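Next comes model_15.txt, a file with compact mmCIF, C-alpha atoms and all ligand atoms.
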```
# COMPACT_ATOMS: atom_id res chain seq x y z
CA MET A 1 41.05 -2.06 13.10
CA LYS A 2 42.26 -3.60 9.88
CA LYS A 3 39.39 -4.98 7.84
CA PRO A 4 39.71 -8.80 7.79
CA SER A 5 39.56 -10.34 4.35
CA ILE A 6 36.40 -12.18 3.47
CA TYR A 7 38.46 -15.36 2.99
CA THR A 8 39.81 -15.15 6.52
CA LEU A 9 36.25 -14.84 7.76
CA ILE A 10 35.06 -17.77 5.70
CA SER A 11 37.97 -19.94 6.83
CA THR A 12 36.81 -19.59 10.44
CA LEU A 13 33.27 -20.84 9.68
CA PRO A 14 34.02 -24.58 10.04
CA LYS A 15 35.16 -23.92 13.60
CA LEU A 16 31.77 -22.53 14.61
CA SER A 17 28.98 -24.53 16.24
CA VAL A 18 25.57 -24.82 14.62
CA GLU A 19 24.17 -22.31 17.12
CA GLU A 20 26.93 -19.86 16.31
CA LEU A 21 26.32 -20.31 12.60
CA LEU A 22 22.62 -19.59 13.05
CA PHE A 23 23.46 -16.52 15.10
CA LEU A 24 25.87 -15.41 12.40
CA LYS A 25 23.25 -15.97 9.72
CA ALA A 26 20.77 -13.76 11.56
CA GLU A 27 23.44 -11.11 12.06
CA VAL A 28 24.41 -11.16 8.38
CA HIS A 29 20.75 -10.73 7.47
CA ARG A 30 20.44 -7.79 9.88
CA GLN A 31 23.56 -6.12 8.49
CA GLU A 32 22.33 -6.65 4.96
CA LYS A 33 19.13 -4.78 5.80
CA ASN A 34 20.97 -2.02 7.60
CA GLN A 35 23.11 -1.41 4.56
CA ALA A 36 20.12 -1.54 2.22
CA ILE A 37 18.22 1.02 4.30
CA GLU A 38 21.35 3.13 4.49
CA ALA A 39 21.56 3.11 0.68
CA LEU A 40 17.90 4.13 0.46
CA TRP A 41 18.50 7.08 2.78
CA GLN A 42 21.58 8.06 0.77
CA SER A 43 19.60 8.11 -2.45
CA LYS A 44 16.85 10.13 -0.73
CA ASN A 45 19.49 12.59 0.50
CA GLN A 46 20.62 13.16 -3.08
CA GLU A 47 17.08 13.79 -4.23
CA ILE A 48 16.55 16.74 -1.90
CA LYS A 49 16.15 19.84 -4.04
CA SER A 50 14.69 22.28 -1.54
CA CYS A 51 13.73 22.83 2.09
CA PRO A 52 10.53 20.90 2.95
CA HIS A 53 9.41 23.76 5.22
CA CYS A 54 9.78 26.82 2.97
CA ASP A 55 10.91 25.42 -0.40
CA SER A 56 14.12 27.46 -0.42
CA GLU A 57 16.92 25.86 -2.41
CA GLU A 58 19.57 27.24 -0.08
CA PHE A 59 20.46 24.63 2.52
CA THR A 60 23.56 23.04 4.00
CA LYS A 61 24.49 19.83 5.73
CA ASN A 62 24.00 20.11 9.47
CA GLY A 63 25.49 17.11 11.22
CA SER A 64 23.56 13.92 11.74
CA LYS A 65 20.98 12.60 14.14
CA ASP A 66 20.52 8.88 14.80
CA GLY A 67 22.98 8.24 12.01
CA ARG A 68 20.91 10.19 9.48
CA GLN A 69 22.22 13.22 7.62
CA ARG A 70 20.53 16.43 8.72
CA PHE A 71 20.24 19.64 6.74
CA ARG A 72 19.65 23.24 7.74
CA CYS A 73 17.78 25.72 5.61
CA LYS A 74 19.59 29.02 5.15
CA SER A 75 16.33 30.79 4.61
CA CYS A 76 14.04 29.62 7.44
CA SER A 77 16.81 28.14 9.64
CA LYS A 78 14.80 24.99 10.25
CA THR A 79 16.48 21.61 10.11
CA PHE A 80 15.23 18.59 8.22
CA ASN A 81 16.23 15.20 6.90
CA ALA A 82 15.39 13.24 3.77
CA LEU A 83 12.08 12.02 5.19
CA THR A 84 10.78 15.25 6.71
CA ASN A 85 7.20 15.88 5.57
CA THR A 86 6.85 12.37 4.16
CA PRO A 87 4.60 9.74 5.77
CA LEU A 88 7.71 8.03 7.11
CA SER A 89 9.02 11.02 9.02
CA ARG A 90 9.66 10.60 12.74
CA LEU A 91 8.96 6.88 12.76
CA ARG A 92 11.17 5.16 15.27
CA PHE A 93 13.47 2.17 14.70
CA ALA A 94 14.30 3.16 11.12
CA GLU A 95 16.60 0.15 10.95
CA LYS A 96 13.51 -2.07 10.99
CA HIS A 97 11.70 -0.29 8.20
CA LEU A 98 12.92 -2.54 5.45
CA GLN A 99 11.78 -5.54 7.41
CA GLN A 100 8.51 -3.67 7.80
CA THR A 101 8.08 -3.57 4.02
CA GLU A 102 8.99 -7.27 3.90
CA VAL A 103 6.13 -8.20 6.20
CA MET A 104 3.87 -6.02 4.10
CA LEU A 105 4.90 -7.81 0.93
CA GLU A 106 4.13 -11.06 2.72
CA GLY A 107 0.71 -9.68 3.66
CA LEU A 108 1.03 -10.50 7.35
CA SER A 109 -1.66 -9.53 9.84
CA ILE A 110 -0.82 -6.82 12.39
CA ARG A 111 -0.31 -9.43 15.09
CA LYS A 112 2.08 -11.52 13.02
CA ALA A 113 3.89 -8.43 11.74
CA ALA A 114 4.40 -7.20 15.30
CA GLU A 115 5.82 -10.58 16.28
CA LYS A 116 8.22 -10.69 13.37
CA LEU A 117 9.37 -7.11 13.80
CA ASN A 118 9.59 -7.46 17.57
CA VAL A 119 7.55 -4.29 18.15
CA ASN A 120 4.19 -3.91 19.89
CA SER A 121 1.02 -4.12 17.86
CA ARG A 122 0.33 -0.37 18.19
CA THR A 123 3.64 0.34 16.47
CA ALA A 124 2.98 -2.31 13.83
CA PHE A 125 -0.42 -0.72 13.21
CA LEU A 126 1.00 2.83 13.04
CA TRP A 127 3.74 1.73 10.65
CA ARG A 128 1.34 -0.18 8.42
CA HIS A 129 -0.83 2.85 7.84
CA ARG A 130 2.02 5.31 7.49
CA PHE A 131 3.61 3.06 4.87
CA LEU A 132 0.28 2.99 3.04
CA GLU A 133 -0.41 6.72 3.06
CA ASN A 134 1.22 7.41 -0.31
CA LEU A 135 0.09 4.16 -1.88
CA GLU A 136 -3.52 4.95 -1.04
CA LYS A 137 -3.33 8.16 -3.08
CA GLU A 138 -1.98 6.46 -6.19
CA GLN A 139 -4.73 5.75 -8.70
CA PRO A 140 -4.49 5.40 -12.46
CA ILE A 141 -5.05 8.80 -14.09
CA LYS A 142 -6.50 7.38 -17.27
CA LEU A 143 -8.13 4.22 -18.51
CA GLY A 144 -8.67 3.68 -22.23
CA GLY A 145 -9.84 1.12 -24.77
CA ILE A 146 -11.91 -1.66 -23.29
CA VAL A 147 -12.31 -1.03 -19.57
CA GLU A 148 -13.87 -3.84 -17.58
CA ALA A 149 -15.76 -2.62 -14.54
CA ASP A 150 -17.48 -4.37 -11.68
CA GLU A 151 -17.98 -3.96 -7.97
CA THR A 152 -16.94 -6.13 -5.11
CA PHE A 153 -18.25 -5.79 -1.56
CA PHE A 154 -16.71 -5.70 1.87
CA LEU A 155 -18.61 -6.08 5.09
CA LYS A 156 -18.81 -2.82 6.98
CA SER A 157 -16.54 -3.07 9.98
CA TYR A 158 -15.96 -0.87 12.99
CA LYS A 159 -13.05 -2.99 14.19
CA GLY A 160 -10.96 -1.15 16.76
CA GLN A 161 -13.44 1.71 16.98
CA ARG A 162 -14.98 2.40 20.35
CA ASN A 163 -16.96 5.55 19.77
CA GLY A 164 -19.64 6.58 17.35
CA LEU A 165 -20.83 3.09 16.58
CA PRO A 166 -24.14 3.13 14.74
CA ARG A 167 -25.59 -0.02 16.28
CA SER A 168 -25.17 -2.27 19.25
CA SER A 169 -21.98 -4.28 19.32
CA LYS A 170 -23.98 -7.49 19.58
CA LYS A 171 -25.21 -7.05 16.06
CA ARG A 172 -21.86 -6.17 14.60
CA GLY A 173 -20.27 -8.82 12.44
CA THR A 174 -23.61 -10.34 11.44
CA PRO A 175 -23.13 -11.29 7.82
CA ALA A 176 -25.12 -9.28 5.32
CA THR A 177 -27.26 -11.34 3.06
CA LYS A 178 -28.16 -9.35 -0.02
CA ARG A 179 -25.15 -8.91 -2.24
CA GLY A 180 -24.40 -5.26 -2.66
CA LEU A 181 -27.79 -4.02 -1.62
CA SER A 182 -27.37 -4.07 2.10
CA ALA A 183 -26.22 -1.04 4.05
CA GLU A 184 -23.86 -3.45 5.80
CA GLN A 185 -21.74 -3.75 2.68
CA VAL A 186 -19.19 -1.32 1.33
CA PRO A 187 -19.12 -1.29 -2.48
CA VAL A 188 -15.71 -1.07 -4.14
CA LEU A 189 -15.53 -0.29 -7.83
CA ILE A 190 -12.84 -2.11 -9.78
CA ALA A 191 -12.10 -0.81 -13.28
CA ARG A 192 -9.41 -2.52 -15.29
CA GLU A 193 -7.96 -1.58 -18.62
CA ARG A 194 -8.01 -4.66 -20.84
CA THR A 195 -4.70 -4.21 -22.64
CA SER A 196 -2.48 -2.92 -19.86
CA ASN A 197 -4.12 -4.38 -16.76
CA ILE A 198 -3.91 -0.95 -15.11
CA THR A 199 -6.51 -1.09 -12.37
CA LEU A 200 -8.48 1.42 -10.38
CA THR A 201 -10.07 0.40 -7.10
CA GLN A 202 -12.25 2.90 -5.31
CA ILE A 203 -14.78 2.79 -2.50
CA LEU A 204 -18.17 4.10 -3.61
CA PRO A 205 -20.08 6.09 -0.96
CA LYS A 206 -23.22 4.63 -2.55
CA ARG A 207 -23.78 2.05 -5.25
CA ASN A 208 -25.47 4.22 -7.84
CA SER A 209 -24.86 5.65 -11.29
CA VAL A 210 -23.94 9.12 -9.99
CA GLU A 211 -21.14 7.80 -7.78
CA LEU A 212 -19.96 5.51 -10.59
CA GLY A 213 -19.81 8.49 -12.94
CA LYS A 214 -17.88 10.60 -10.45
CA VAL A 215 -15.11 8.01 -10.35
CA LEU A 216 -15.09 6.85 -13.97
CA LYS A 217 -15.76 10.01 -16.00
CA PRO A 218 -12.51 11.83 -15.04
CA VAL A 219 -10.28 8.87 -15.88
CA LEU A 220 -11.86 7.38 -18.99
CA THR A 221 -10.27 8.46 -22.27
CA LYS A 222 -12.46 9.40 -25.25
CA ASP A 223 -12.02 6.01 -26.88
CA ALA A 224 -12.87 4.11 -23.69
CA MET A 225 -15.61 1.51 -23.76
CA VAL A 226 -16.87 0.21 -20.44
CA CYS A 227 -17.76 -3.47 -20.15
CA SER A 228 -20.01 -4.30 -17.22
CA ASP A 229 -22.17 -7.22 -16.09
CA GLY A 230 -25.18 -5.39 -17.50
CA ALA A 231 -26.29 -3.81 -14.23
CA LYS A 232 -28.61 -0.85 -14.67
CA ILE A 233 -26.35 1.59 -12.84
CA TYR A 234 -23.74 1.23 -15.61
CA LYS A 235 -26.28 1.93 -18.34
CA LEU A 236 -27.50 5.01 -16.47
CA MET A 237 -23.96 6.18 -15.82
CA GLY A 238 -23.11 5.76 -19.52
CA LYS A 239 -26.17 7.70 -20.63
CA ALA A 240 -25.59 10.54 -18.19
CA ASN A 241 -21.92 10.95 -19.09
CA GLY A 242 -21.85 10.02 -22.77
CA ILE A 243 -19.80 6.90 -22.13
CA ASP A 244 -20.07 3.81 -24.31
CA VAL A 245 -21.18 0.99 -22.01
CA ARG A 246 -21.47 -2.66 -23.11
CA SER A 247 -23.00 -5.51 -21.22
CA SER A 248 -21.18 -8.81 -20.96
CA LYS A 249 -24.57 -10.57 -20.88
CA LYS A 250 -25.85 -9.19 -24.15
CA ALA A 251 -22.59 -9.49 -26.02
CA ARG A 252 -22.56 -12.04 -28.82
CA SER A 253 -18.86 -11.95 -29.39
CA GLY A 254 -16.38 -12.80 -26.66
CA THR A 255 -14.90 -9.32 -26.57
CA TYR A 256 -17.15 -7.68 -24.01
CA HIS A 257 -16.49 -10.00 -21.12
CA ILE A 258 -15.52 -8.96 -17.60
CA GLN A 259 -13.32 -11.93 -16.78
CA ASN A 260 -10.20 -9.90 -16.03
CA VAL A 261 -11.94 -7.59 -13.61
CA ASN A 262 -13.68 -10.53 -11.96
CA ALA A 263 -10.36 -12.27 -11.50
CA ALA A 264 -8.88 -9.06 -10.06
CA GLY A 265 -11.82 -8.86 -7.62
CA GLN A 266 -11.25 -12.44 -6.52
CA ARG A 267 -7.54 -11.85 -6.03
CA LEU A 268 -8.32 -8.79 -3.93
CA LYS A 269 -10.78 -10.74 -1.80
CA GLY A 270 -8.40 -13.66 -1.38
CA TRP A 271 -5.55 -11.35 -0.44
CA MET A 272 -7.72 -9.50 2.11
CA TYR A 273 -8.95 -12.70 3.72
CA PRO A 274 -6.06 -13.22 6.19
CA PHE A 275 -6.66 -9.72 7.59
CA LYS A 276 -10.01 -10.99 8.89
CA GLY A 277 -12.25 -8.00 8.28
CA VAL A 278 -10.45 -4.73 7.80
CA ALA A 279 -11.99 -1.70 9.53
CA THR A 280 -13.93 0.24 6.88
CA LYS A 281 -12.03 3.35 7.91
CA TYR A 282 -8.81 1.75 6.63
CA LEU A 283 -10.20 -0.17 3.66
CA SER A 284 -8.95 2.44 1.21
CA ASN A 285 -5.38 1.99 2.48
CA TYR A 286 -5.61 -1.72 1.84
CA LEU A 287 -6.95 -1.11 -1.67
CA GLY A 288 -3.95 1.14 -2.40
CA TRP A 289 -1.61 -1.49 -1.02
CA LYS A 290 -3.00 -4.20 -3.30
CA ARG A 291 -3.09 -1.84 -6.30
CA TRP A 292 0.57 -1.10 -5.86
CA MET A 293 1.47 -4.79 -5.50
CA GLU A 294 -0.52 -5.71 -8.62
CA GLN A 295 1.43 -3.25 -10.76
CA LYS A 296 4.70 -4.99 -10.03
CA ASP A 297 5.88 -8.39 -11.17
CA SER A 298 7.87 -9.12 -8.05
CA PRO A 299 8.06 -6.04 -5.84
CA THR A 300 11.05 -5.73 -3.53
CA PRO A 301 11.16 -4.34 0.03
CA SER A 302 13.28 -1.44 -1.22
CA GLU A 303 10.73 -0.54 -3.89
CA PHE A 304 7.99 -0.61 -1.27
CA TRP A 305 10.01 1.66 1.00
CA LYS A 306 10.61 4.13 -1.85
CA ALA A 307 6.94 4.18 -2.79
CA SER A 308 5.97 4.78 0.84
CA ALA A 309 8.54 7.53 1.31
CA GLY A 310 7.24 9.23 -1.82
ZN ZN B 1 13.35 26.58 4.81
```

Mind converting the file's structure to structure tokens?
Ligand SMILES: [Zn+2]
Amino acid sequence: MKKPSIYTLISTLPKLSVEELLFLKAEVHRQEKNQAIEALWQSKNQEIKSCPHCDSEEFTKNGSKDGRQRFRCKSCSKTFNALTNTPLSRLRFAEKHLQQTEVMLEGLSIRKAAEKLNVNSRTAFLWRHRFLENLEKEQPIKLGGIVEADETFFLKSYKGQRNGLPRSSKKRGTPATKRGLSAEQVPVLIARERTSNITLTQILPKRNSVELGKVLKPVLTKDAMVCSDGAKIYKLMGKANGIDVRSSKKARSGTYHIQNVNAAGQRLKGWMYPFKGVATKYLSNYLGWKRWMEQKDSPTPSEFWKASAG
């Protein structure tokens, strides 16, 4: 069929009803996404350097499956595509995966995401966590200069878990009262470099100086100076690891404040709110998600897809 010119197409628009125009609009949007995801796959195809099974660099094209280019390794004879061995491999409905990253950028709950994607909530849940697998692993490798550090707390949640619950379900969801001291709370350390706003967020198995040190020591550069709210665990951590720790309470000048990290903590809390209590098991995924979003000025669905595909 001869490709109609865009002007011919446009000239027919006034003849369409409102319903037809809306239908067309949706179809254009769908096509747009299809082409975008196609382009992402193409670029992934070009990035393949070796077989994901055996690392051999000898492979050839081997037809396509579901519209995706397949390759065959000359060494181990196994076939693969651009997403083999990535968190996104073997996920169905690839044509919806860009829309999937859109709902993630919007921060929709599983229920709302499932509705928008027209998939069941099990699929929406599976996709969410597969798309977060790589993001969860990304943490800053170094923090230098003034590093503001503080903790924020999330209520322990066994949402969606049926087995191995530590207490009766009646009691679950009872708000914990003592900030940070209760076993019902999960402490999350937030450490933020003052000049760059590079941020680390990490669940602490326990809120103590040893656990703080385990997370901070490997990433702090020699010139790093930690600003905290003056809590004892920071002082102890500093002493044990030879790290310069300043307290925002004692500081006379305005330099040693923790306003940036506090603001980051509030943004994290506010962003998590619509998810209505994330299961503790998945909290780390959500932290990685927010970390990734905070690094970008205005992240796009394609960027999200690329980060998830690794
Ligand atoms: Zn191979």

Selection within 8 Å of ligand ZN 1 (chain B) by all atoms listed in the file, output as a PyMOL selection string: chain A and resi 50-56+58-59+72-79

Gln202 (chain A) surroundings by all atoms listed in the file, 9 Å radius, close-in-sequence under 2 positions cut, as a PyMOL selection string: chain A and resi 139+187-191+200+204+215+284+287-288

State, in Å with one decimal place, the distance from CA of Lys239 (chain A) to CA of Pro140 (chain A). 23.3 Å

Give as a PyMOL selection string the set of residues within 12 Å of the point (15.9, 14.4, 13.3), where distances use the file's coordinates and all atoms listed in the file. chain A and resi 62-72+78-85+89-92+94

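Minimum atom-to-atom distances from A:Glu148, A:Lys206, A:Thr199, A:Lys214 to Asn262 (chain A) were compared using only C-alpha atoms, and the lowest value belongs to A:Glu148.
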
Could you rebuild region 259-270 of chain A with all heavy atoms and give me the result as a PDB file, in the coordinates of the input?
```pdb
ATOM      1  N   GLN A 259     -14.079 -10.889 -17.482  1.00  0.00           N
ATOM      2  CA  GLN A 259     -13.320 -11.930 -16.780  1.00  0.00           C
ATOM      3  C   GLN A 259     -12.087 -11.389 -16.047  1.00  0.00           C
ATOM      4  O   GLN A 259     -11.752 -11.853 -14.962  1.00  0.00           O
ATOM      5  CB  GLN A 259     -12.859 -12.996 -17.784  1.00  0.00           C
ATOM      6  CG  GLN A 259     -13.986 -13.909 -18.205  1.00  0.00           C
ATOM      7  CD  GLN A 259     -13.675 -14.647 -19.494  1.00  0.00           C
ATOM      8  OE1 GLN A 259     -12.536 -14.671 -19.954  1.00  0.00           O
ATOM      9  NE2 GLN A 259     -14.694 -15.238 -20.090  1.00  0.00           N
ATOM     10  N   ASN A 260     -11.424 -10.432 -16.665  1.00  0.00           N
ATOM     11  CA  ASN A 260     -10.200  -9.900 -16.030  1.00  0.00           C
ATOM     12  C   ASN A 260     -10.520  -9.159 -14.735  1.00  0.00           C
ATOM     13  O   ASN A 260      -9.833  -9.303 -13.730  1.00  0.00           O
ATOM     14  CB  ASN A 260      -9.473  -8.949 -16.967  1.00  0.00           C
ATOM     15  CG  ASN A 260      -8.950  -9.657 -18.179  1.00  0.00           C
ATOM     16  OD1 ASN A 260      -8.342 -10.719 -18.071  1.00  0.00           O
ATOM     17  ND2 ASN A 260      -9.218  -9.107 -19.348  1.00  0.00           N
ATOM     18  N   VAL A 261     -11.596  -8.355 -14.798  1.00  0.00           N
ATOM     19  CA  VAL A 261     -11.940  -7.590 -13.610  1.00  0.00           C
ATOM     20  C   VAL A 261     -12.498  -8.526 -12.521  1.00  0.00           C
ATOM     21  O   VAL A 261     -12.240  -8.333 -11.338  1.00  0.00           O
ATOM     22  CB  VAL A 261     -12.898  -6.416 -13.940  1.00  0.00           C
ATOM     23  CG1 VAL A 261     -14.328  -6.858 -14.116  1.00  0.00           C
ATOM     24  CG2 VAL A 261     -12.807  -5.326 -12.874  1.00  0.00           C
ATOM     25  N   ASN A 262     -13.204  -9.559 -12.944  1.00  0.00           N
ATOM     26  CA  ASN A 262     -13.680 -10.530 -11.960  1.00  0.00           C
ATOM     27  C   ASN A 262     -12.519 -11.230 -11.265  1.00  0.00           C
ATOM     28  O   ASN A 262     -12.529 -11.413 -10.047  1.00  0.00           O
ATOM     29  CB  ASN A 262     -14.560 -11.596 -12.635  1.00  0.00           C
ATOM     30  CG  ASN A 262     -15.975 -11.103 -12.830  1.00  0.00           C
ATOM     31  OD1 ASN A 262     -16.398 -10.146 -12.175  1.00  0.00           O
ATOM     32  ND2 ASN A 262     -16.711 -11.717 -13.730  1.00  0.00           N
ATOM     33  N   ALA A 263     -11.535 -11.600 -12.070  1.00  0.00           N
ATOM     34  CA  ALA A 263     -10.360 -12.270 -11.500  1.00  0.00           C
ATOM     35  C   ALA A 263      -9.634 -11.318 -10.538  1.00  0.00           C
ATOM     36  O   ALA A 263      -9.194 -11.738  -9.466  1.00  0.00           O
ATOM     37  CB  ALA A 263      -9.419 -12.727 -12.608  1.00  0.00           C
ATOM     38  N   ALA A 264      -9.549 -10.043 -10.927  1.00  0.00           N
ATOM     39  CA  ALA A 264      -8.880  -9.060 -10.060  1.00  0.00           C
ATOM     40  C   ALA A 264      -9.645  -8.933  -8.738  1.00  0.00           C
ATOM     41  O   ALA A 264      -9.043  -8.836  -7.666  1.00  0.00           O
ATOM     42  CB  ALA A 264      -8.788  -7.711 -10.750  1.00  0.00           C
ATOM     43  N   GLY A 265     -10.977  -8.940  -8.818  1.00  0.00           N
ATOM     44  CA  GLY A 265     -11.820  -8.860  -7.620  1.00  0.00           C
ATOM     45  C   GLY A 265     -11.593 -10.062  -6.709  1.00  0.00           C
ATOM     46  O   GLY A 265     -11.501  -9.921  -5.488  1.00  0.00           O
ATOM     47  N   GLN A 266     -11.470 -11.237  -7.334  1.00  0.00           N
ATOM     48  CA  GLN A 266     -11.250 -12.440  -6.520  1.00  0.00           C
ATOM     49  C   GLN A 266      -9.870 -12.430  -5.871  1.00  0.00           C
ATOM     50  O   GLN A 266      -9.723 -12.833  -4.718  1.00  0.00           O
ATOM     51  CB  GLN A 266     -11.393 -13.686  -7.397  1.00  0.00           C
ATOM     52  CG  GLN A 266     -12.849 -14.108  -7.532  1.00  0.00           C
ATOM     53  CD  GLN A 266     -13.069 -15.058  -8.688  1.00  0.00           C
ATOM     54  OE1 GLN A 266     -12.118 -15.637  -9.227  1.00  0.00           O
ATOM     55  NE2 GLN A 266     -14.325 -15.204  -9.089  1.00  0.00           N
ATOM     56  N   ARG A 267      -8.889 -11.944  -6.617  1.00  0.00           N
ATOM     57  CA  ARG A 267      -7.540 -11.850  -6.030  1.00  0.00           C
ATOM     58  C   ARG A 267      -7.537 -10.889  -4.840  1.00  0.00           C
ATOM     59  O   ARG A 267      -6.946 -11.161  -3.808  1.00  0.00           O
ATOM     60  CB  ARG A 267      -6.528 -11.357  -7.074  1.00  0.00           C
ATOM     61  CG  ARG A 267      -5.986 -12.434  -7.973  1.00  0.00           C
ATOM     62  CD  ARG A 267      -4.712 -11.982  -8.659  1.00  0.00           C
ATOM     63  NE  ARG A 267      -4.868 -10.746  -9.394  1.00  0.00           N
ATOM     64  CZ  ARG A 267      -5.408 -10.653 -10.609  1.00  0.00           C
ATOM     65  NH1 ARG A 267      -5.862 -11.726 -11.216  1.00  0.00           N
ATOM     66  NH2 ARG A 267      -5.509  -9.483 -11.208  1.00  0.00           N
ATOM     67  N   LEU A 268      -8.243  -9.781  -5.014  1.00  0.00           N
ATOM     68  CA  LEU A 268      -8.320  -8.790  -3.930  1.00  0.00           C
ATOM     69  C   LEU A 268      -8.963  -9.409  -2.694  1.00  0.00           C
ATOM     70  O   LEU A 268      -8.448  -9.289  -1.588  1.00  0.00           O
ATOM     71  CB  LEU A 268      -9.120  -7.571  -4.411  1.00  0.00           C
ATOM     72  CG  LEU A 268      -9.428  -6.482  -3.382  1.00  0.00           C
ATOM     73  CD1 LEU A 268      -8.141  -5.852  -2.842  1.00  0.00           C
ATOM     74  CD2 LEU A 268     -10.322  -5.388  -3.980  1.00  0.00           C
ATOM     75  N   LYS A 269     -10.084 -10.091  -2.912  1.00  0.00           N
ATOM     76  CA  LYS A 269     -10.780 -10.740  -1.800  1.00  0.00           C
ATOM     77  C   LYS A 269      -9.903 -11.775  -1.107  1.00  0.00           C
ATOM     78  O   LYS A 269      -9.830 -11.832   0.114  1.00  0.00           O
ATOM     79  CB  LYS A 269     -12.054 -11.434  -2.315  1.00  0.00           C
ATOM     80  CG  LYS A 269     -13.195 -10.490  -2.572  1.00  0.00           C
ATOM     81  CD  LYS A 269     -13.999 -10.364  -1.318  1.00  0.00           C
ATOM     82  CE  LYS A 269     -15.103  -9.347  -1.500  1.00  0.00           C
ATOM     83  NZ  LYS A 269     -16.069  -9.394  -0.429  1.00  0.00           N
ATOM     84  N   GLY A 270      -9.248 -12.596  -1.913  1.00  0.00           N
ATOM     85  CA  GLY A 270      -8.400 -13.660  -1.380  1.00  0.00           C
ATOM     86  C   GLY A 270      -7.242 -13.076  -0.576  1.00  0.00           C
ATOM     87  O   GLY A 270      -6.889 -13.564   0.499  1.00  0.00           O
TER      88      GLY A 270
END
```
